[in-house]
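Undergrad: Contents of input25.txt (compact mmCIF, C-alpha atoms (C1' of nucleotides)):
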# COMPACT_ATOMS: atom_id res chain seq x y z
CA MET A 4 82.40 69.55 -13.29
CA ARG A 5 84.16 66.28 -13.84
CA GLU A 6 82.30 64.44 -11.14
CA PRO A 7 78.99 63.00 -12.32
CA LEU A 8 75.83 64.53 -11.00
CA ASP A 9 74.32 62.93 -7.95
CA PRO A 10 71.23 60.97 -8.98
CA GLU A 11 69.72 61.89 -5.65
CA MET A 12 70.56 65.54 -6.05
CA PHE A 13 66.91 66.49 -5.80
CA ASP A 14 64.74 65.16 -3.03
CA PRO A 15 61.90 63.22 -4.62
CA VAL A 16 59.82 64.01 -1.55
CA CYS A 17 60.28 67.72 -2.12
CA PRO A 18 59.56 68.19 -5.79
CA SER A 19 58.71 71.45 -7.40
CA GLU A 20 55.04 70.85 -6.66
CA VAL A 21 55.65 71.85 -3.06
CA MET A 22 58.33 74.42 -3.65
CA PRO A 23 56.59 77.78 -3.90
CA ILE A 24 59.55 79.45 -5.61
CA ARG A 25 60.31 78.90 -9.25
CA VAL A 26 62.90 80.13 -11.70
CA GLY A 27 61.68 79.75 -15.23
CA ASP A 28 59.53 76.71 -15.71
CA LYS A 29 59.15 73.63 -13.58
CA TRP A 30 62.64 72.30 -14.28
CA GLY A 31 64.47 75.59 -14.88
CA GLY A 32 65.84 76.04 -11.39
CA MET A 33 66.99 72.45 -11.14
CA ILE A 34 68.70 72.55 -14.51
CA ILE A 35 70.58 75.70 -13.56
CA GLN A 36 71.76 74.07 -10.37
CA CYS A 37 72.95 71.06 -12.35
CA LEU A 38 75.11 73.36 -14.47
CA GLU A 39 76.64 75.18 -11.55
CA GLU A 40 79.90 73.24 -11.57
CA GLY A 41 80.37 73.33 -15.31
CA PRO A 42 78.96 72.20 -18.63
CA ARG A 43 76.83 69.10 -18.78
CA ARG A 44 75.56 66.89 -21.53
CA PHE A 45 71.92 66.18 -22.20
CA SER A 46 72.09 62.67 -20.83
CA GLU A 47 73.93 63.84 -17.74
CA LEU A 48 71.09 66.20 -16.93
CA MET A 49 68.54 63.45 -17.15
CA VAL A 50 70.13 61.59 -14.26
CA PRO A 51 69.22 63.85 -11.33
CA LEU A 52 66.06 65.02 -13.09
CA ARG A 53 64.85 61.48 -13.08
CA THR A 54 61.21 61.91 -13.99
CA VAL A 55 61.72 64.43 -16.77
CA THR A 56 61.09 63.22 -20.29
CA PRO A 57 63.46 64.08 -23.15
CA LYS A 58 60.87 66.24 -24.81
CA VAL A 59 60.24 68.32 -21.72
CA LEU A 60 63.93 68.65 -20.94
CA THR A 61 64.54 69.87 -24.47
CA LYS A 62 61.77 72.39 -24.13
CA SER A 63 63.10 73.68 -20.83
CA LEU A 64 66.64 73.95 -22.19
CA ARG A 65 65.39 75.87 -25.22
CA ALA A 66 63.55 78.26 -22.94
CA LEU A 67 66.68 78.80 -20.86
CA GLU A 68 68.59 79.44 -24.08
CA ARG A 69 66.06 81.98 -25.28
CA ASP A 70 66.35 83.89 -22.03
CA GLY A 71 70.14 83.89 -22.27
CA PHE A 72 70.73 81.73 -19.21
CA VAL A 73 72.25 78.77 -20.99
CA VAL A 74 74.32 78.18 -24.11
CA ARG A 75 74.18 75.06 -26.20
CA THR A 76 77.41 73.94 -27.82
CA GLU A 77 77.94 71.12 -30.27
CA ARG A 78 81.36 69.69 -29.67
CA ALA A 79 83.36 67.81 -32.24
CA GLY A 80 82.70 64.12 -32.19
CA PRO A 81 79.61 62.11 -32.73
CA ARG A 82 76.54 63.65 -31.09
CA HIS A 83 78.30 65.51 -28.37
CA VAL A 84 76.29 68.45 -27.08
CA GLU A 85 77.02 70.49 -24.00
CA TYR A 86 74.94 72.95 -22.04
CA ALA A 87 76.59 75.59 -19.92
CA LEU A 88 75.54 78.60 -17.89
CA THR A 89 76.10 82.07 -19.28
CA PRO A 90 77.10 84.90 -16.95
CA LEU A 91 73.43 85.87 -16.90
CA GLY A 92 72.54 82.33 -15.89
CA ARG A 93 75.17 82.42 -13.17
CA SER A 94 73.58 85.58 -11.83
CA LEU A 95 70.63 83.44 -10.79
CA LEU A 96 72.66 81.12 -8.58
CA ASP A 97 72.56 83.43 -5.57
CA LEU A 98 68.81 83.64 -5.87
CA LEU A 99 68.56 79.88 -6.14
CA ASP A 100 70.69 79.50 -3.04
CA ALA A 101 68.47 81.92 -1.19
CA ALA A 102 65.44 79.95 -2.30
CA ARG A 103 66.96 76.71 -1.10
CA ALA A 104 67.88 78.30 2.21
CA TRP A 105 64.32 79.53 2.60
CA ALA A 106 63.02 76.06 1.83
CA GLU A 107 65.25 74.39 4.39
CA THR A 108 64.17 76.81 7.06
CA HIS A 109 60.49 77.16 6.33
CA MET A 110 59.30 74.25 4.28
CA ASP A 111 58.16 72.36 7.36
CA ALA A 112 55.96 75.24 8.38
CA LEU A 113 54.47 75.35 4.91
CA LEU A 114 53.79 71.64 4.96
CA ASP A 115 52.20 71.93 8.38
CA ALA A 116 49.97 74.75 7.23
CA ARG A 117 48.97 72.80 4.17
CA GLU A 118 48.12 69.78 6.24
CA ALA A 119 46.21 71.79 8.81
CA ALA A 120 44.05 73.08 5.95
CA GLN A 121 43.59 69.46 4.78
CA MET B 12 49.69 100.59 5.86
CA ARG B 13 47.38 103.57 5.94
CA GLU B 14 48.45 104.92 2.60
CA PRO B 15 46.57 103.43 -0.30
CA LEU B 16 48.43 101.15 -2.63
CA ASP B 17 49.99 102.74 -5.67
CA PRO B 18 47.94 101.78 -8.72
CA GLU B 19 51.18 101.81 -10.71
CA MET B 20 52.96 99.66 -8.19
CA PHE B 21 53.62 97.02 -10.79
CA ASP B 22 55.04 97.93 -14.15
CA PRO B 23 52.54 96.86 -16.80
CA VAL B 24 55.44 96.50 -19.22
CA CYS B 25 57.13 94.03 -16.92
CA PRO B 26 54.38 91.63 -15.95
CA SER B 27 54.94 88.21 -14.55
CA GLU B 28 55.11 86.80 -18.08
CA VAL B 29 58.62 88.17 -18.40
CA MET B 30 59.69 87.75 -14.81
CA PRO B 31 61.38 84.36 -14.57
CA ILE B 32 61.03 84.16 -10.80
CA ARG B 33 57.76 83.28 -9.16
CA VAL B 34 56.56 82.84 -5.61
CA GLY B 35 53.43 80.77 -5.52
CA ASP B 36 51.21 81.30 -8.52
CA LYS B 37 51.17 84.13 -11.02
CA TRP B 38 49.92 86.72 -8.55
CA GLY B 39 51.36 85.32 -5.32
CA GLY B 40 54.51 87.41 -5.21
CA MET B 41 52.68 90.60 -6.05
CA ILE B 42 50.00 89.98 -3.44
CA ILE B 43 52.63 89.40 -0.78
CA GLN B 44 54.33 92.64 -1.69
CA CYS B 45 51.01 94.46 -1.44
CA LEU B 46 50.63 93.18 2.11
CA GLU B 47 54.12 94.20 3.20
CA GLU B 48 53.04 97.37 4.95
CA GLY B 49 50.04 95.90 6.69
CA PRO B 50 46.64 94.31 6.17
CA ARG B 51 44.69 95.11 3.06
CA ARG B 52 41.15 94.59 1.90
CA PHE B 53 40.14 92.65 -1.15
CA SER B 54 39.24 95.73 -3.12
CA GLU B 55 42.49 97.42 -2.15
CA LEU B 56 44.44 94.56 -3.63
CA MET B 57 42.63 94.82 -6.91
CA VAL B 58 43.96 98.32 -7.50
CA PRO B 59 47.64 97.58 -8.21
CA LEU B 60 46.79 94.15 -9.61
CA ARG B 61 44.73 95.82 -12.28
CA THR B 62 44.17 92.99 -14.68
CA VAL B 63 43.34 90.32 -12.12
CA THR B 64 39.75 89.16 -11.97
CA PRO B 65 37.97 88.67 -8.65
CA LYS B 66 37.79 84.94 -9.12
CA VAL B 67 41.49 84.59 -9.75
CA LEU B 68 42.39 86.89 -6.88
CA THR B 69 40.22 84.81 -4.59
CA LYS B 70 41.89 81.67 -5.75
CA SER B 71 45.36 83.08 -5.25
CA LEU B 72 44.48 84.33 -1.79
CA ARG B 73 43.08 80.92 -0.84
CA ALA B 74 46.28 79.29 -2.02
CA LEU B 75 48.35 81.69 0.05
CA GLU B 76 46.14 80.90 3.00
CA ARG B 77 46.57 77.16 2.55
CA ASP B 78 50.34 77.57 2.56
CA GLY B 79 50.20 79.65 5.72
CA PHE B 80 51.47 82.84 4.12
CA VAL B 81 48.35 84.90 4.59
CA VAL B 82 45.50 85.08 7.07
CA ARG B 83 42.01 86.15 6.22
CA THR B 84 40.13 88.01 8.91
CA GLU B 85 36.51 89.07 8.90
CA ARG B 86 36.25 92.30 10.79
CA ALA B 87 33.12 93.55 12.42
CA GLY B 88 31.02 95.66 10.16
CA PRO B 89 29.32 94.90 6.94
CA ARG B 90 31.44 92.79 4.62
CA HIS B 91 34.79 93.91 5.89
CA VAL B 92 37.48 91.36 5.18
CA GLU B 93 41.20 91.86 5.65
CA TYR B 94 44.17 89.91 4.42
CA ALA B 95 47.49 90.06 6.25
CA LEU B 96 50.85 88.36 6.13
CA THR B 97 51.72 85.71 8.67
CA PRO B 98 55.29 85.46 9.98
CA LEU B 99 55.80 82.69 7.45
CA GLY B 100 54.56 85.00 4.74
CA ARG B 101 56.91 87.72 5.95
CA SER B 102 59.78 85.29 5.67
CA LEU B 103 59.34 85.50 1.91
CA LEU B 104 59.86 89.25 1.73
CA ASP B 105 63.65 89.01 1.65
CA LEU B 106 63.45 86.58 -1.19
CA LEU B 107 61.08 88.84 -3.08
CA ASP B 108 63.41 91.77 -2.56
CA ALA B 109 66.27 89.69 -3.91
CA ALA B 110 64.14 88.76 -6.89
CA ARG B 111 63.29 92.39 -7.56
CA ALA B 112 66.94 93.37 -7.22
CA TRP B 113 67.86 90.66 -9.71
CA ALA B 114 65.20 91.89 -12.10
CA GLU B 115 66.37 95.48 -11.94
CA THR B 116 69.93 94.46 -12.66
CA HIS B 117 69.44 91.76 -15.24
CA MET B 118 66.04 92.09 -16.83
CA ASP B 119 67.42 94.13 -19.71
CA ALA B 120 69.90 91.41 -20.53
CA LEU B 121 67.10 88.87 -20.48
CA LEU B 122 64.95 90.98 -22.77
CA ASP B 123 67.89 91.48 -25.13
CA ALA B 124 68.53 87.75 -25.24
CA ARG B 125 64.89 87.06 -25.89
CA GLU B 126 64.78 89.56 -28.70
CA ALA B 127 67.99 88.28 -30.25
CA ALA B 128 66.37 84.86 -30.39
CA GLN B 129 63.28 86.46 -32.02
C1' DC C 30 31.91 95.01 -0.84
C1' DC C 31 33.49 90.48 -1.31
C1' DG C 32 33.22 87.33 -3.38
C1' DA C 33 30.69 82.56 -5.71
C1' DA C 34 29.16 80.14 -9.98
C1' DT C 35 29.70 79.03 -14.53
C1' DC C 36 31.91 78.45 -18.79
C1' DC C 37 35.88 78.37 -21.58
C1' DC C 38 40.47 77.92 -23.55
C1' DT C 39 45.24 77.70 -23.88
C1' DG C 40 49.44 75.62 -22.76
C1' DA C 41 52.50 73.31 -19.45
C1' DG C 42 53.70 69.07 -18.77
C1' DG C 43 53.75 64.04 -19.43
C1' DA C 44 53.49 59.10 -21.91
C1' DT C 45 55.06 56.65 -25.53
C1' DA C 46 57.46 55.62 -29.50
C1' DC C 47 60.74 56.56 -33.06
C1' DT C 48 65.28 58.41 -35.48
C1' DG C 49 69.94 60.30 -37.48
C1' DC D 25 73.55 60.30 -27.83
C1' DA D 26 70.44 63.74 -28.30
C1' DG D 27 66.88 64.56 -29.47
C1' DT D 28 61.60 64.41 -32.65
C1' DA D 29 56.94 63.24 -33.30
C1' DT D 30 52.26 62.48 -31.62
C1' DC D 31 48.82 62.30 -28.53
C1' DC D 32 46.68 63.41 -24.22
C1' DT D 33 45.33 65.37 -19.64
C1' DC D 34 44.52 68.72 -16.54
C1' DA D 35 44.92 72.83 -14.15
C1' DG D 36 46.00 77.84 -14.41
C1' DG D 37 44.00 81.66 -15.73
C1' DG D 38 40.39 84.57 -17.70
C1' DA D 39 35.43 86.46 -18.99
C1' DT D 40 31.15 87.00 -17.51
C1' DT D 41 27.35 86.86 -14.63
C1' DC D 42 25.08 86.48 -10.20
C1' DG D 43 24.30 86.81 -4.94
C1' DG D 44 24.28 87.98 0.26
Show me the file's structure as structure tokens.
TA:
Amino acid sequence: MREPLDPEMFDPVCPSEVMPIRVGDKWGGMIIQCLEEGPRRFSELMVPLRTVTPKVLTKSLRALERDGFVVRTERAGPRHVEYALTPLGRSLLDLLDAARAWAETHMDALLDAREAAQ
Amino acid sequence: MREPLDPEMFDPVCPSEVMPIRVGDKWGGMIIQCLEEGPRRFSELMVPLRTVTPKVLTKSLRALERDGFVVRTERAGPRHVEYALTPLGRSLLDLLDAARAWAETHMDALLDAREAAQ
DNA sequence: CCGAATCCCTGAGGATACTG
DNA sequence: CAGTATCCTCAGGGATTCGG
């Protein structure tokens, strides 16, 4: 939670375009993974999600809030906002892990199939 | 495999709009589940997927083919086409089961959260 | 029976710029 | 720092009709 998020946390070669499994919208799964170790601030989230724009990140966070996966908290101090997983959000972590495990094992086969089909 | 697919296989109240987990496109996960017990014909698939149109089903099936999840086989006889899971497609079944298990346990909480947020 | 062809429309997602 | 405000594109998804 204290350590900053790895900017290379998500493989740019394996974006969500290729990943056939999604939780929420395009960024939902990645955001949830970013929050696994504890609350994060808006600007912290933008680091590993490099290509996301503020508007889209906001939209995704709002959607995760609506579904009860994430809580938004304004902390004292100037413009300090934190996003954290709820218990319901945490309940998705196992699924996300399973999805990542599937990807590591089978993504090559998927890519091969896709290439074989041109 | 021999038994016809249950027309009520998928809860119309809980369509993929609500389900936050997706495999492939909107219909991908449901199609894969339909093929779990063995090959199925196009028209068989349309039964549980009631609201899908032929065009969209075709498109989804083609996408599943491209990714190597499904094979399309033309059988002898007039216009007899079968779709079946490949081993790669079968490798997704565990994930889909996990997703369904998650949904059964937590979907109510999600719906509550969504309603609380209006 | 298994689609293909056509048309359409919404919305997810992005680019860019600005603000309290 | 944490977003808003516009504008735009494009593809997912659907309705309807047609064909071998």
Undergrad: Could you give me, as a tab-separated table (two decimals) with C-alpha atoms (C1' of nucleotides), in the frame of the given file, the residues within 10 Å of DT28 (chain D), counting all atoms listed in the file and dropping anything in the same chain fewer than 2 positions from it?
TA:
chain	number	residue	atom	x	y	z
A	57	PRO	CA	63.46	64.08	-23.15
A	58	LYS	CA	60.87	66.24	-24.81
C	47	DC	C1'	60.74	56.56	-33.06
C	48	DT	C1'	65.28	58.41	-35.48
D	26	DA	C1'	70.44	63.74	-28.30
D	30	DT	C1'	52.26	62.48	-31.62
Undergrad: Check every residue of chain C for an atom within 9 Å of chain A, counting all atoms listed in the file, and provide those that qualify as number ranges by chain.
TA: C: 41-44
Undergrad: Tell me which of B:Val34, B:Leu121, B:Leu68, B:Val82 sits closest to DG38 (chain D), counting only C-alpha atoms (C1' of nucleotides).
TA: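 Closest residue, counting only C-alpha atoms (C1' of nucleotides): B:Leu68.
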Undergrad: Could you list, as a PDB file with C-alpha atoms, in the frame of the given file, every residue within 9 Å of Leu91 (chain A), counting only C-alpha atoms (C1' of nucleotides) and ignoring same-chain residues fewer than 3 positions away?
TA:
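In the end it all went to selection-v3.pdb:
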ATOM      1  CA  ASP A  70      66.350  83.890 -22.030  1.00  0.00           C
ATOM      2  CA  GLY A  71      70.140  83.890 -22.270  1.00  0.00           C
ATOM      3  CA  PHE A  72      70.730  81.730 -19.210  1.00  0.00           C
ATOM      4  CA  VAL A  73      72.250  78.770 -20.990  1.00  0.00           C
ATOM      5  CA  LEU A  88      75.540  78.600 -17.890  1.00  0.00           C
ATOM      6  CA  SER A  94      73.580  85.580 -11.830  1.00  0.00           C
ATOM      7  CA  LEU A  95      70.630  83.440 -10.790  1.00  0.00           C
TER       8      LEU A  95
ATOM      9  CA  HIS B 117      69.440  91.760 -15.240  1.00  0.00           C
ATOM     10  CA  ALA B 120      69.900  91.410 -20.530  1.00  0.00           C
ATOM     11  CA  LEU B 121      67.100  88.870 -20.480  1.00  0.00           C
TER      12      LEU B 121
END
Undergrad: Please identify all residues of chain D having at least one atom at most 10 Å from any atom of chain B, considering all atoms listed in the file, and return them as a VMD selection string.
TA: chain D and resid 36 to 39 44
Undergrad: So that each row is one residue of chain B with an atom at most 12 Å from chain A, can you give its shortest atom pair and the distance in Å to one decimal, using all atoms listed in the file, rows by chain and rising number, as CSV?
TA:
residue,atom,partner,partner_atom,distance
B:Ser27,CA,A:Gly27,CA,10.8
B:Glu28,CA,A:Gly27,CA,10.0
B:Val29,CA,A:Gly27,CA,9.5
B:Met30,CA,A:Gly27,CA,8.3
B:Pro31,CA,A:Gly27,CA,4.7
B:Ile32,CA,A:Val26,CA,4.5
B:Arg33,CA,A:Arg25,CA,5.1
B:Val34,CA,A:Ile24,CA,4.5
B:Gly35,CA,A:Pro23,CA,4.6
B:Asp36,CA,A:Pro23,CA,7.9
B:Lys37,CA,A:Arg25,CA,10.7
B:Gly39,CA,A:Pro23,CA,9.3
B:Gly40,CA,A:Ile24,CA,9.4
B:Arg73,CA,A:Ala120,CA,10.4
B:Ala74,CA,A:Arg117,CA,9.4
B:Leu75,CA,A:Arg117,CA,9.8
B:Glu76,CA,A:Ala116,CA,8.4
B:Arg77,CA,A:Arg117,CA,5.2
B:Asp78,CA,A:Arg117,CA,5.2
B:Gly79,CA,A:Ala116,CA,5.1
B:Phe80,CA,A:Leu113,CA,8.1
B:Val81,CA,A:Ala116,CA,10.6
B:Val82,CA,A:Ala116,CA,11.3
B:Thr97,CA,A:Ala116,CA,11.2
B:Pro98,CA,A:Ala112,CA,10.4
B:Leu99,CA,A:His109,CA,7.3
B:Gly100,CA,A:Leu113,CA,9.7
B:Arg101,CA,A:His109,CA,11.2
B:Ser102,CA,A:Trp105,CA,8.0
B:Leu103,CA,A:Trp105,CA,7.8
B:Leu104,CA,A:Trp105,CA,10.7
B:Asp105,CA,A:Ala101,CA,9.0
B:Leu106,CA,A:Ala101,CA,6.8
B:Leu107,CA,A:Leu98,CA,9.7
B:Asp108,CA,A:Leu98,CA,10.3
B:Ala109,CA,A:Leu98,CA,6.8
B:Ala110,CA,A:Leu98,CA,7.0
B:Arg111,CA,A:Leu98,CA,10.5
B:Ala112,CA,A:Leu98,CA,10.0
B:Trp113,CA,A:Leu95,CA,7.8
B:Ala114,CA,A:Leu95,CA,10.1
B:Thr116,CA,A:Ser94,CA,9.6
B:His117,CA,A:Leu91,CA,7.3
B:Met118,CA,A:Leu91,CA,9.7
B:Asp119,CA,A:Asp70,CA,10.6
B:Ala120,CA,A:Leu91,CA,7.5
B:Leu121,CA,A:Asp70,CA,5.3
B:Leu122,CA,A:Asp70,CA,7.3
B:Asp123,CA,A:Asp70,CA,8.3
B:Ala124,CA,A:Gly71,CA,5.1
B:Arg125,CA,A:Asp70,CA,5.2
B:Glu126,CA,A:Arg69,CA,8.4
B:Ala127,CA,A:Arg69,CA,8.3
B:Ala128,CA,A:Arg69,CA,5.9
B:Gln129,CA,A:Arg69,CA,8.6
Undergrad: Please produce a file of the residues just selected, as a PDB file, in the frame of the given file, where the atoms kept are C-alpha atoms.
TA:
ATOM      1  CA  SER B  27      54.940  88.210 -14.550  1.00  0.00           C
ATOM      2  CA  GLU B  28      55.110  86.800 -18.080  1.00  0.00           C
ATOM      3  CA  VAL B  29      58.620  88.170 -18.400  1.00  0.00           C
ATOM      4  CA  MET B  30      59.690  87.750 -14.810  1.00  0.00           C
ATOM      5  CA  PRO B  31      61.380  84.360 -14.570  1.00  0.00           C
ATOM      6  CA  ILE B  32      61.030  84.160 -10.800  1.00  0.00           C
ATOM      7  CA  ARG B  33      57.760  83.280  -9.160  1.00  0.00           C
ATOM      8  CA  VAL B  34      56.560  82.840  -5.610  1.00  0.00           C
ATOM      9  CA  GLY B  35      53.430  80.770  -5.520  1.00  0.00           C
ATOM     10  CA  ASP B  36      51.210  81.300  -8.520  1.00  0.00           C
ATOM     11  CA  LYS B  37      51.170  84.130 -11.020  1.00  0.00           C
ATOM     12  CA  GLY B  39      51.360  85.320  -5.320  1.00  0.00           C
ATOM     13  CA  GLY B  40      54.510  87.410  -5.210  1.00  0.00           C
ATOM     14  CA  ARG B  73      43.080  80.920  -0.840  1.00  0.00           C
ATOM     15  CA  ALA B  74      46.280  79.290  -2.020  1.00  0.00           C
ATOM     16  CA  LEU B  75      48.350  81.690   0.050  1.00  0.00           C
ATOM     17  CA  GLU B  76      46.140  80.900   3.000  1.00  0.00           C
ATOM     18  CA  ARG B  77      46.570  77.160   2.550  1.00  0.00           C
ATOM     19  CA  ASP B  78      50.340  77.570   2.560  1.00  0.00           C
ATOM     20  CA  GLY B  79      50.200  79.650   5.720  1.00  0.00           C
ATOM     21  CA  PHE B  80      51.470  82.840   4.120  1.00  0.00           C
ATOM     22  CA  VAL B  81      48.350  84.900   4.590  1.00  0.00           C
ATOM     23  CA  VAL B  82      45.500  85.080   7.070  1.00  0.00           C
ATOM     24  CA  THR B  97      51.720  85.710   8.670  1.00  0.00           C
ATOM     25  CA  PRO B  98      55.290  85.460   9.980  1.00  0.00           C
ATOM     26  CA  LEU B  99      55.800  82.690   7.450  1.00  0.00           C
ATOM     27  CA  GLY B 100      54.560  85.000   4.740  1.00  0.00           C
ATOM     28  CA  ARG B 101      56.910  87.720   5.950  1.00  0.00           C
ATOM     29  CA  SER B 102      59.780  85.290   5.670  1.00  0.00           C
ATOM     30  CA  LEU B 103      59.340  85.500   1.910  1.00  0.00           C
ATOM     31  CA  LEU B 104      59.860  89.250   1.730  1.00  0.00           C
ATOM     32  CA  ASP B 105      63.650  89.010   1.650  1.00  0.00           C
ATOM     33  CA  LEU B 106      63.450  86.580  -1.190  1.00  0.00           C
ATOM     34  CA  LEU B 107      61.080  88.840  -3.080  1.00  0.00           C
ATOM     35  CA  ASP B 108      63.410  91.770  -2.560  1.00  0.00           C
ATOM     36  CA  ALA B 109      66.270  89.690  -3.910  1.00  0.00           C
ATOM     37  CA  ALA B 110      64.140  88.760  -6.890  1.00  0.00           C
ATOM     38  CA  ARG B 111      63.290  92.390  -7.560  1.00  0.00           C
ATOM     39  CA  ALA B 112      66.940  93.370  -7.220  1.00  0.00           C
ATOM     40  CA  TRP B 113      67.860  90.660  -9.710  1.00  0.00           C
ATOM     41  CA  ALA B 114      65.200  91.890 -12.100  1.00  0.00           C
ATOM     42  CA  THR B 116      69.930  94.460 -12.660  1.00  0.00           C
ATOM     43  CA  HIS B 117      69.440  91.760 -15.240  1.00  0.00           C
ATOM     44  CA  MET B 118      66.040  92.090 -16.830  1.00  0.00           C
ATOM     45  CA  ASP B 119      67.420  94.130 -19.710  1.00  0.00           C
ATOM     46  CA  ALA B 120      69.900  91.410 -20.530  1.00  0.00           C
ATOM     47  CA  LEU B 121      67.100  88.870 -20.480  1.00  0.00           C
ATOM     48  CA  LEU B 122      64.950  90.980 -22.770  1.00  0.00           C
ATOM     49  CA  ASP B 123      67.890  91.480 -25.130  1.00  0.00           C
ATOM     50  CA  ALA B 124      68.530  87.750 -25.240  1.00  0.00           C
ATOM     51  CA  ARG B 125      64.890  87.060 -25.890  1.00  0.00           C
ATOM     52  CA  GLU B 126      64.780  89.560 -28.700  1.00  0.00           C
ATOM     53  CA  ALA B 127      67.990  88.280 -30.250  1.00  0.00           C
ATOM     54  CA  ALA B 128      66.370  84.860 -30.390  1.00  0.00           C
ATOM     55  CA  GLN B 129      63.280  86.460 -32.020  1.00  0.00           C
TER      56      GLN B 129
END
Undergrad: Considering all atoms listed in the file, can you say which of A:Pro42, A:Leu48, A:Cys37, A:Phe13 comes closest to Ala87 (chain A)?
TA: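 Once distances to Ala87 (chain A) are computed over all atoms listed in the file, the minimum belongs to A:Pro42.
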Undergrad: At a cut-off of 10 Å from (31.7, 82.9, -9.2) in the coordinates of the file, what residues are picked up using only C-alpha atoms (C1' of nucleotides), written as a ChimeraX atom specification?
TA: /B:65-67,69 /C:32-35 /D:40-43
Undergrad: As an exercise, work out the distance from CA of His83 (chain A) to C1' of DA46 (chain C) in Å and give it to one decimal place.
TA: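 About the pair CA of His83 (chain A) and C1' of DA46 (chain C): they are 23.1 Å apart.
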Undergrad: One decimal, Å: what's the distance from CA of Glu85 (chain B) over to C1' of DC31 (chain C), could you say?
TA: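 Computing the Euclidean distance for CA of Glu85 (chain B) and C1' of DC31 (chain C) yields 10.7 Å.
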Undergrad: For C1' of DC34 (chain D) and CA of Trp38 (chain B), quote the distance in Å rounded to one decimal.
TA: 20.4 Å
